[in-house]
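**Q** I am attaching a structure below and will ask some questions about it afterwards.
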Amino acid sequence: MCDSCGCNQPPDAVTYRKPGGHDHPHRHGDAEHAHPHEHDHGHDHGHDHAHSHDHAHGHDHDHGGGRRLSVEQDILRRNDVVAERNRGWFEGRGVLALNLVSSPGSGKTSLLERTIRDLRGEIPLAVIEGDQQTLNDAERIAAAGAPVLQVNTGFGCHLDAEMVRRALSELEVPAGGVLMIENVGNLVCPALFDLGEHAKVVIISVTEGDDKPQKYPAMFAAASLCVINKTDLLPHVDFDVEACKDAARRVNPALAFVELSATRGEGLDGWYRWLRDRRAAAAR
Amino acid sequence: MHEMTLVAGILEIAEERAREAGAARINTVTVEIGRLAGVELSALVFCFETARLGTMAAGAELVVRELPGRGLCPACGAETDIDFYAALCPACDGCLQVVGGRELRVASLDVD
(Lines give C-alpha, C1' and ligand atoms only; values in the text may rest on other atoms or scores of the structure.)
Protein backbone atom coordinates (compact mmCIF):
# COMPACT_ATOMS: atom_id res chain seq x y z
CA MET A 1 0.00 0.00 0.00
CA CYS A 2 1.10 3.50 -0.71
CA ASP A 3 2.04 5.19 2.55
CA SER A 4 1.42 8.71 1.30
CA CYS A 5 -2.27 8.56 0.49
CA GLY A 6 -3.28 5.09 1.64
CA CYS A 7 -4.37 3.87 -1.77
CA ASN A 8 -3.61 0.38 -2.93
CA GLN A 9 -0.81 1.35 -5.28
CA PRO A 10 2.76 0.58 -4.44
CA PRO A 11 4.71 3.81 -4.63
CA ASP A 12 6.40 3.18 -7.95
CA ALA A 13 3.49 1.35 -9.54
CA VAL A 14 2.32 1.83 -13.06
CA THR A 15 -1.02 3.68 -13.08
CA TYR A 16 -3.86 3.65 -15.62
CA ARG A 17 -6.05 6.73 -15.74
CA LYS A 18 -8.57 8.51 -17.86
CA PRO A 19 -8.87 12.28 -17.99
CA GLY A 20 -11.39 13.50 -15.41
CA GLY A 21 -10.93 10.38 -13.28
CA HIS A 22 -9.61 10.10 -9.75
CA ASP A 23 -6.10 11.43 -9.71
CA HIS A 24 -3.23 9.64 -8.02
CA PRO A 25 -0.28 11.89 -8.62
CA HIS A 26 2.07 9.67 -6.61
CA ARG A 27 4.78 12.16 -6.24
CA HIS A 28 6.54 10.72 -3.26
CA GLY A 29 9.82 12.01 -2.07
CA ASP A 30 12.30 9.49 -3.27
CA ALA A 31 13.91 9.49 0.14
CA GLU A 32 10.95 7.65 1.63
CA HIS A 33 11.32 4.65 -0.60
CA ALA A 34 14.34 2.51 -0.60
CA HIS A 35 15.34 1.87 -4.20
CA PRO A 36 18.51 0.01 -3.51
CA HIS A 37 19.70 0.07 -7.10
CA GLU A 38 19.92 3.82 -6.96
CA HIS A 39 22.05 3.97 -3.89
CA ASP A 40 24.79 1.54 -4.51
CA HIS A 41 26.74 3.52 -7.05
CA GLY A 42 30.31 4.36 -6.57
CA HIS A 43 31.73 1.01 -5.70
CA ASP A 44 33.16 -1.82 -7.59
CA HIS A 45 32.36 -0.95 -11.15
CA GLY A 46 35.33 -2.84 -12.40
CA HIS A 47 33.55 -6.15 -12.35
CA ASP A 48 31.53 -5.68 -15.48
CA HIS A 49 34.31 -6.17 -17.96
CA ALA A 50 35.04 -9.53 -16.55
CA HIS A 51 31.51 -10.57 -17.45
CA SER A 52 31.49 -9.27 -20.98
CA HIS A 53 33.32 -12.12 -22.53
CA ASP A 54 32.99 -15.77 -22.45
CA HIS A 55 35.83 -16.63 -20.15
CA ALA A 56 35.58 -19.87 -18.39
CA HIS A 57 34.34 -18.88 -14.96
CA GLY A 58 35.31 -22.13 -13.41
CA HIS A 59 32.30 -24.03 -14.64
CA ASP A 60 34.14 -27.24 -14.85
CA HIS A 61 34.79 -27.60 -11.18
CA ASP A 62 32.30 -29.21 -8.98
CA HIS A 63 30.04 -26.96 -6.91
CA GLY A 64 29.80 -29.46 -4.12
CA GLY A 65 27.45 -31.80 -5.94
CA GLY A 66 26.37 -29.03 -8.27
CA ARG A 67 25.00 -29.64 -11.73
CA ARG A 68 24.32 -27.72 -14.87
CA LEU A 69 20.78 -27.20 -16.11
CA SER A 70 20.14 -26.27 -19.70
CA VAL A 71 17.54 -23.50 -20.03
CA GLU A 72 17.57 -21.90 -23.52
CA GLN A 73 14.69 -19.49 -22.91
CA ASP A 74 14.11 -16.00 -24.22
CA ILE A 75 14.44 -13.42 -21.48
CA LEU A 76 11.52 -11.46 -22.92
CA ARG A 77 9.28 -14.50 -23.29
CA ARG A 78 6.68 -13.24 -20.82
CA ASN A 79 6.40 -9.95 -22.67
CA ASP A 80 6.29 -11.75 -25.99
CA VAL A 81 3.55 -14.12 -24.86
CA VAL A 82 1.38 -11.19 -23.74
CA ALA A 83 2.22 -9.34 -26.97
CA GLU A 84 0.87 -12.33 -28.91
CA ARG A 85 -2.33 -12.17 -26.86
CA ASN A 86 -2.66 -8.49 -27.68
CA ARG A 87 -2.10 -9.28 -31.35
CA GLY A 88 -4.96 -11.76 -31.21
CA TRP A 89 -7.14 -9.17 -29.50
CA PHE A 90 -6.46 -6.68 -32.32
CA GLU A 91 -6.97 -9.28 -35.02
CA GLY A 92 -10.28 -10.44 -33.60
CA ARG A 93 -11.62 -6.90 -33.70
CA GLY A 94 -10.06 -5.84 -36.99
CA VAL A 95 -8.16 -3.11 -35.14
CA LEU A 96 -4.97 -1.64 -36.59
CA ALA A 97 -2.54 -1.07 -33.71
CA LEU A 98 0.41 1.26 -34.16
CA ASN A 99 3.27 1.83 -31.74
CA LEU A 100 4.43 5.44 -32.00
CA VAL A 101 8.01 5.92 -30.88
CA SER A 102 10.30 8.94 -30.84
CA SER A 103 12.42 11.22 -28.69
CA PRO A 104 10.46 13.48 -26.34
CA GLY A 105 9.16 16.55 -28.12
CA SER A 106 9.04 15.25 -31.70
CA GLY A 107 5.34 16.05 -31.97
CA LYS A 108 3.70 12.65 -31.45
CA THR A 109 0.79 14.07 -29.50
CA SER A 110 0.30 17.00 -31.91
CA LEU A 111 0.21 14.57 -34.83
CA LEU A 112 -2.40 12.48 -33.03
CA GLU A 113 -4.55 15.52 -32.16
CA ARG A 114 -4.53 16.61 -35.77
CA THR A 115 -5.22 13.09 -37.06
CA ILE A 116 -8.17 12.61 -34.71
CA ARG A 117 -9.73 15.90 -35.85
CA ASP A 118 -9.07 15.36 -39.57
CA LEU A 119 -10.27 11.76 -39.73
CA ARG A 120 -13.33 12.16 -37.51
CA GLY A 121 -16.26 10.36 -39.14
CA GLU A 122 -13.93 8.27 -41.31
CA ILE A 123 -11.64 6.27 -39.02
CA PRO A 124 -12.50 5.67 -35.35
CA LEU A 125 -9.36 6.19 -33.27
CA ALA A 126 -8.46 5.33 -29.69
CA VAL A 127 -5.24 6.21 -27.94
CA ILE A 128 -3.06 4.74 -25.21
CA GLU A 129 -0.73 7.44 -23.89
CA GLY A 130 2.52 6.40 -22.23
CA ASP A 131 4.49 8.83 -20.07
CA GLN A 132 6.38 8.54 -16.83
CA GLN A 133 4.16 11.14 -15.19
CA THR A 134 1.09 13.38 -15.75
CA LEU A 135 -2.26 13.18 -17.52
CA ASN A 136 -1.31 16.07 -19.82
CA ASP A 137 -1.22 14.17 -23.09
CA ALA A 138 -4.39 12.24 -22.33
CA GLU A 139 -6.20 15.50 -21.70
CA ARG A 140 -5.09 16.82 -25.09
CA ILE A 141 -6.28 13.64 -26.82
CA ALA A 142 -9.60 13.69 -24.98
CA ALA A 143 -10.09 17.33 -26.00
CA ALA A 144 -9.44 16.32 -29.61
CA GLY A 145 -12.28 13.84 -29.27
CA ALA A 146 -10.88 10.31 -28.99
CA PRO A 147 -11.17 7.74 -26.19
CA VAL A 148 -7.88 7.67 -24.33
CA LEU A 149 -6.17 5.94 -21.44
CA GLN A 150 -3.05 7.33 -19.83
CA VAL A 151 -0.46 4.83 -18.64
CA ASN A 152 2.04 6.41 -16.26
CA THR A 153 5.04 4.16 -16.04
CA GLY A 154 6.52 5.73 -12.89
CA PHE A 155 10.21 4.96 -13.24
CA GLY A 156 9.68 2.89 -16.38
CA CYS A 157 11.30 4.02 -19.62
CA HIS A 158 9.00 2.14 -22.01
CA LEU A 159 5.59 0.53 -22.35
CA ASP A 160 5.48 -3.25 -22.24
CA ALA A 161 2.90 -5.71 -23.52
CA GLU A 162 1.31 -6.21 -20.09
CA MET A 163 0.67 -2.47 -19.71
CA VAL A 164 -1.08 -2.46 -23.08
CA ARG A 165 -3.11 -5.54 -22.13
CA ARG A 166 -4.26 -3.80 -18.93
CA ALA A 167 -5.03 -0.62 -20.84
CA LEU A 168 -7.13 -2.55 -23.37
CA SER A 169 -9.34 -3.83 -20.56
CA GLU A 170 -10.23 -0.26 -19.63
CA LEU A 171 -10.27 1.54 -22.96
CA GLU A 172 -13.09 1.44 -25.49
CA VAL A 173 -11.36 0.60 -28.76
CA PRO A 174 -13.85 0.65 -31.65
CA ALA A 175 -13.89 -2.51 -33.81
CA GLY A 176 -12.35 -1.84 -37.21
CA GLY A 177 -10.69 1.28 -35.87
CA VAL A 178 -7.12 2.31 -35.20
CA LEU A 179 -5.39 2.10 -31.83
CA MET A 180 -2.52 4.54 -31.48
CA ILE A 181 -0.09 3.59 -28.73
CA GLU A 182 2.03 6.62 -27.95
CA ASN A 183 5.08 5.16 -26.26
CA VAL A 184 7.25 6.89 -23.67
CA GLY A 185 9.48 9.45 -25.43
CA ASN A 186 12.69 7.44 -25.72
CA LEU A 187 14.48 6.11 -28.78
CA VAL A 188 16.25 3.30 -26.95
CA CYS A 189 14.23 1.00 -24.71
CA PRO A 190 10.87 0.85 -26.54
CA ALA A 191 12.62 -0.81 -29.51
CA LEU A 192 13.02 -3.95 -27.45
CA PHE A 193 9.44 -4.49 -26.30
CA ASP A 194 6.85 -5.96 -28.65
CA LEU A 195 3.41 -4.67 -27.65
CA GLY A 196 1.53 -6.79 -30.18
CA GLU A 197 1.27 -3.88 -32.62
CA HIS A 198 1.08 -4.22 -36.39
CA ALA A 199 3.82 -1.66 -36.94
CA LYS A 200 6.11 0.78 -35.23
CA VAL A 201 6.03 4.35 -36.50
CA VAL A 202 9.15 6.31 -35.62
CA ILE A 203 8.77 10.08 -35.57
CA ILE A 204 11.66 12.48 -35.93
CA SER A 205 11.35 16.26 -36.08
CA VAL A 206 13.60 18.54 -38.10
CA THR A 207 14.66 20.35 -34.94
CA GLU A 208 16.59 17.20 -34.03
CA GLY A 209 19.81 16.05 -35.68
CA ASP A 210 19.49 14.39 -39.08
CA ASP A 211 21.92 11.74 -37.82
CA LYS A 212 19.41 10.30 -35.30
CA PRO A 213 19.02 7.09 -37.36
CA GLN A 214 22.77 6.49 -36.99
CA LYS A 215 22.73 7.28 -33.30
CA TYR A 216 19.68 5.14 -32.47
CA PRO A 217 19.71 2.46 -35.16
CA ALA A 218 17.72 -0.18 -33.28
CA MET A 219 14.59 1.93 -33.33
CA PHE A 220 14.85 2.78 -37.02
CA ALA A 221 15.57 -0.86 -37.78
CA ALA A 222 12.38 -1.91 -35.98
CA ALA A 223 10.06 0.68 -37.56
CA SER A 224 7.91 0.34 -40.69
CA LEU A 225 7.30 4.04 -41.22
CA CYS A 226 9.37 7.11 -40.42
CA VAL A 227 7.45 10.38 -40.05
CA ILE A 228 9.63 13.47 -40.46
CA ASN A 229 7.69 16.17 -38.60
CA LYS A 230 7.85 19.98 -38.32
CA THR A 231 8.84 20.42 -41.97
CA ASP A 232 7.52 24.01 -41.78
CA LEU A 233 10.66 24.77 -39.74
CA LEU A 234 13.08 23.49 -42.39
CA PRO A 235 14.06 26.97 -43.62
CA HIS A 236 15.22 27.83 -40.08
CA VAL A 237 17.19 24.72 -39.14
CA ASP A 238 20.19 22.75 -40.33
CA PHE A 239 18.38 19.51 -41.08
CA ASP A 240 19.12 17.63 -44.29
CA VAL A 241 16.03 15.53 -45.07
CA GLU A 242 17.77 13.38 -47.67
CA ALA A 243 20.76 12.73 -45.40
CA CYS A 244 18.37 11.63 -42.65
CA LYS A 245 16.54 9.28 -45.01
CA ASP A 246 19.80 7.84 -46.33
CA ALA A 247 20.99 7.16 -42.80
CA ALA A 248 17.69 5.49 -41.93
CA ARG A 249 17.68 3.38 -45.10
CA ARG A 250 21.10 2.07 -44.22
CA VAL A 251 19.73 0.42 -41.10
CA ASN A 252 16.38 -0.42 -42.67
CA PRO A 253 16.17 -0.51 -46.47
CA ALA A 254 12.42 -1.23 -46.32
CA LEU A 255 11.55 1.85 -44.23
CA ALA A 256 8.86 4.14 -45.70
CA PHE A 257 8.87 7.91 -45.13
CA VAL A 258 6.31 10.68 -44.79
CA GLU A 259 7.35 14.31 -44.43
CA LEU A 260 4.79 16.55 -42.81
CA SER A 261 3.97 19.40 -40.49
CA ALA A 262 1.38 18.34 -37.94
CA THR A 263 0.71 21.93 -36.92
CA ARG A 264 0.59 23.52 -40.41
CA GLY A 265 -0.96 20.54 -42.17
CA GLU A 266 1.40 20.13 -45.12
CA GLY A 267 2.15 16.54 -46.08
CA LEU A 268 -0.60 15.04 -43.92
CA ASP A 269 -2.25 13.40 -46.94
CA GLY A 270 0.74 11.02 -47.20
CA TRP A 271 0.30 10.00 -43.56
CA TYR A 272 -3.42 9.46 -43.98
CA ARG A 273 -2.85 7.42 -47.14
CA TRP A 274 -0.44 5.15 -45.25
CA LEU A 275 -2.96 4.82 -42.38
CA ARG A 276 -5.81 3.92 -44.72
CA ASP A 277 -3.71 1.31 -46.52
CA ARG A 278 -2.54 -0.30 -43.29
CA ARG A 279 -6.03 -0.24 -41.83
CA ALA A 280 -7.46 -1.93 -44.90
CA ALA A 281 -4.76 -4.61 -44.62
CA ALA A 282 -5.50 -5.14 -40.90
CA ALA A 283 -9.24 -5.50 -41.52
CA ARG A 284 -8.70 -8.30 -44.03
CA MET B 1 16.96 1.41 -17.87
CA HIS B 2 15.25 -1.60 -19.37
CA GLU B 3 18.10 -3.71 -17.98
CA MET B 4 16.18 -4.04 -14.70
CA THR B 5 13.22 -5.46 -16.62
CA LEU B 6 15.53 -7.91 -18.33
CA VAL B 7 17.07 -8.96 -15.02
CA ALA B 8 13.60 -9.59 -13.58
CA GLY B 9 12.93 -11.85 -16.57
CA ILE B 10 16.26 -13.64 -16.15
CA LEU B 11 15.61 -14.33 -12.46
CA GLU B 12 12.06 -15.50 -13.08
CA ILE B 13 13.21 -17.99 -15.72
CA ALA B 14 16.15 -19.13 -13.59
CA GLU B 15 14.10 -19.70 -10.43
CA GLU B 16 11.37 -21.50 -12.31
CA ARG B 17 13.86 -23.86 -13.94
CA ALA B 18 15.78 -24.44 -10.71
CA ARG B 19 12.63 -25.25 -8.77
CA GLU B 20 11.43 -27.58 -11.47
CA ALA B 21 14.74 -29.45 -11.19
CA GLY B 22 14.51 -29.61 -7.41
CA ALA B 23 17.61 -27.45 -6.89
CA ALA B 24 18.27 -25.72 -3.59
CA ARG B 25 20.22 -22.81 -4.92
CA ILE B 26 21.56 -21.24 -8.07
CA ASN B 27 25.30 -20.65 -8.31
CA THR B 28 25.67 -19.34 -11.83
CA VAL B 29 23.26 -17.97 -14.42
CA THR B 30 24.64 -17.95 -17.96
CA VAL B 31 22.90 -15.67 -20.44
CA GLU B 32 23.50 -15.04 -24.12
CA ILE B 33 23.14 -11.45 -25.27
CA GLY B 34 23.49 -10.38 -28.88
CA ARG B 35 25.70 -7.40 -29.58
CA LEU B 36 22.82 -5.64 -31.36
CA ALA B 37 20.20 -6.38 -28.69
CA GLY B 38 20.50 -2.92 -27.20
CA VAL B 39 21.66 -4.07 -23.79
CA GLU B 40 24.24 -2.29 -21.71
CA LEU B 41 26.10 -5.22 -20.18
CA SER B 42 27.56 -3.35 -17.22
CA ALA B 43 24.06 -2.12 -16.31
CA LEU B 44 22.74 -5.66 -16.67
CA VAL B 45 25.33 -7.06 -14.27
CA PHE B 46 24.80 -4.15 -11.90
CA CYS B 47 21.03 -4.69 -11.82
CA PHE B 48 21.51 -8.44 -11.37
CA GLU B 49 23.63 -7.94 -8.30
CA THR B 50 20.80 -6.01 -6.66
CA ALA B 51 17.83 -7.95 -7.92
CA ARG B 52 19.24 -11.40 -7.06
CA LEU B 53 18.97 -10.69 -3.32
CA GLY B 54 16.16 -12.65 -1.73
CA THR B 55 15.94 -15.11 -4.62
CA MET B 56 17.36 -18.60 -5.14
CA ALA B 57 20.13 -16.84 -7.03
CA ALA B 58 21.05 -14.61 -4.07
CA GLY B 59 24.71 -15.63 -4.26
CA ALA B 60 24.82 -16.36 -7.96
CA GLU B 61 27.18 -15.02 -10.55
CA LEU B 62 25.83 -13.74 -13.84
CA VAL B 63 27.93 -14.92 -16.76
CA VAL B 64 27.27 -13.04 -19.98
CA ARG B 65 28.16 -14.72 -23.24
CA GLU B 66 28.16 -12.05 -25.90
CA LEU B 67 27.02 -13.17 -29.35
CA PRO B 68 28.27 -11.32 -32.42
CA GLY B 69 26.07 -9.31 -34.73
CA ARG B 70 25.68 -11.04 -38.08
CA GLY B 71 24.92 -9.28 -41.34
CA LEU B 72 23.78 -10.85 -44.60
CA CYS B 73 24.30 -9.03 -47.87
CA PRO B 74 21.16 -9.29 -49.99
CA ALA B 75 23.18 -8.33 -53.08
CA CYS B 76 26.05 -10.84 -53.02
CA GLY B 77 24.99 -13.29 -50.30
CA ALA B 78 28.08 -12.76 -48.12
CA GLU B 79 27.63 -13.13 -44.35
CA THR B 80 29.86 -11.30 -41.92
CA ASP B 81 30.23 -10.29 -38.27
CA ILE B 82 29.03 -6.74 -37.58
CA ASP B 83 29.15 -4.41 -34.58
CA PHE B 84 26.45 -1.99 -35.60
CA TYR B 85 23.26 -1.83 -37.63
CA ALA B 86 24.24 0.32 -40.59
CA ALA B 87 27.08 -1.89 -41.75
CA LEU B 88 28.15 -2.29 -45.36
CA CYS B 89 29.13 -5.52 -47.06
CA PRO B 90 32.93 -5.83 -47.12
CA ALA B 91 32.69 -7.62 -50.47
CA CYS B 92 30.37 -5.37 -52.48
CA ASP B 93 29.43 -2.35 -50.30
CA GLY B 94 25.76 -3.32 -50.17
CA CYS B 95 23.67 -2.57 -47.05
CA LEU B 96 23.74 -5.62 -44.80
CA GLN B 97 20.58 -7.07 -43.31
CA VAL B 98 20.89 -7.98 -39.66
CA VAL B 99 20.43 -11.74 -39.30
CA GLY B 100 21.94 -12.28 -35.86
CA GLY B 101 22.97 -10.40 -32.74
CA ARG B 102 19.59 -9.59 -31.20
CA GLU B 103 19.55 -12.65 -28.93
CA LEU B 104 18.40 -12.32 -25.32
CA ARG B 105 18.48 -15.79 -23.79
CA VAL B 106 19.05 -17.60 -20.54
CA ALA B 107 21.34 -20.41 -21.68
CA SER B 108 22.01 -22.47 -18.56
CA LEU B 109 22.23 -22.58 -14.78
CA ASP B 110 24.68 -24.13 -12.37
CA VAL B 111 22.79 -25.27 -9.29
CA ASP B 112 23.16 -27.23 -6.09
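We name chains A, B, ... following the order of the C-alpha coordinates; residues begin at 1 in each chain, and ligands are numbered from 1 as shown.
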Using only C-alpha atoms and a cut-off of 7 Å, which residues of chain B sit close to chain A? Please list them as a PyMOL selection string.

**A** chain B and resi 1-2+6+9-10+41-42+45+47+50+63-66+85-86+95+104-112

**Q** As a ChimeraX atom specification, please: the residues near region 53-62 of chain B (cut-off 7 Å, only C-alpha atoms, same-chain neighbours under 6 positions excluded).

**A** /B:15,25-30,45

**Q** To one decimal in Å, tell me the separation between CA of Gly154 (chain A) and CA of Ala13 (chain A).

**A** 6.3 Å

**Q** Go through chain B and collect every residue that DSSP, computed from the backbone, puts in strand (DSSP E or B); the answer should be as a VMD selection string.

**A** chain B and resid 26 to 34 61 to 67 69 to 72 79 to 82 88 95 97 to 100 104 to 111

**Q** Once DSSP has gone over the backbone, tell me which residues of region 26-88 of chain B are in alpha helix (DSSP H), as an MDAnalysis selection string.

**A** chainID B and resid 41:51

**Q** Within 6 Å of Arg35 (chain B), counting only C-alpha atoms, which residues qualify if same-chain residues fewer than 2 places away don't, as number ranges by chain?

**A** B: 37, 67-69, 101

**Q** Compare B:Glu12, B:Asp81, B:Asp93, B:Glu3 by their minimum atom-to-atom distance to Arg52 (chain B), counting only C-alpha atoms, and give me the closest one.

**A**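 Between B:Glu12, B:Asp81, B:Asp93, B:Glu3, the residue approaching Arg52 (chain B) most closely is B:Glu12.
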
**Q** Suppose you want the space between CA of Ala97 (chain A) and CA of Asn229 (chain A); what is it in Å?

**A**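 These atoms are spaced 20.6 Å apart.
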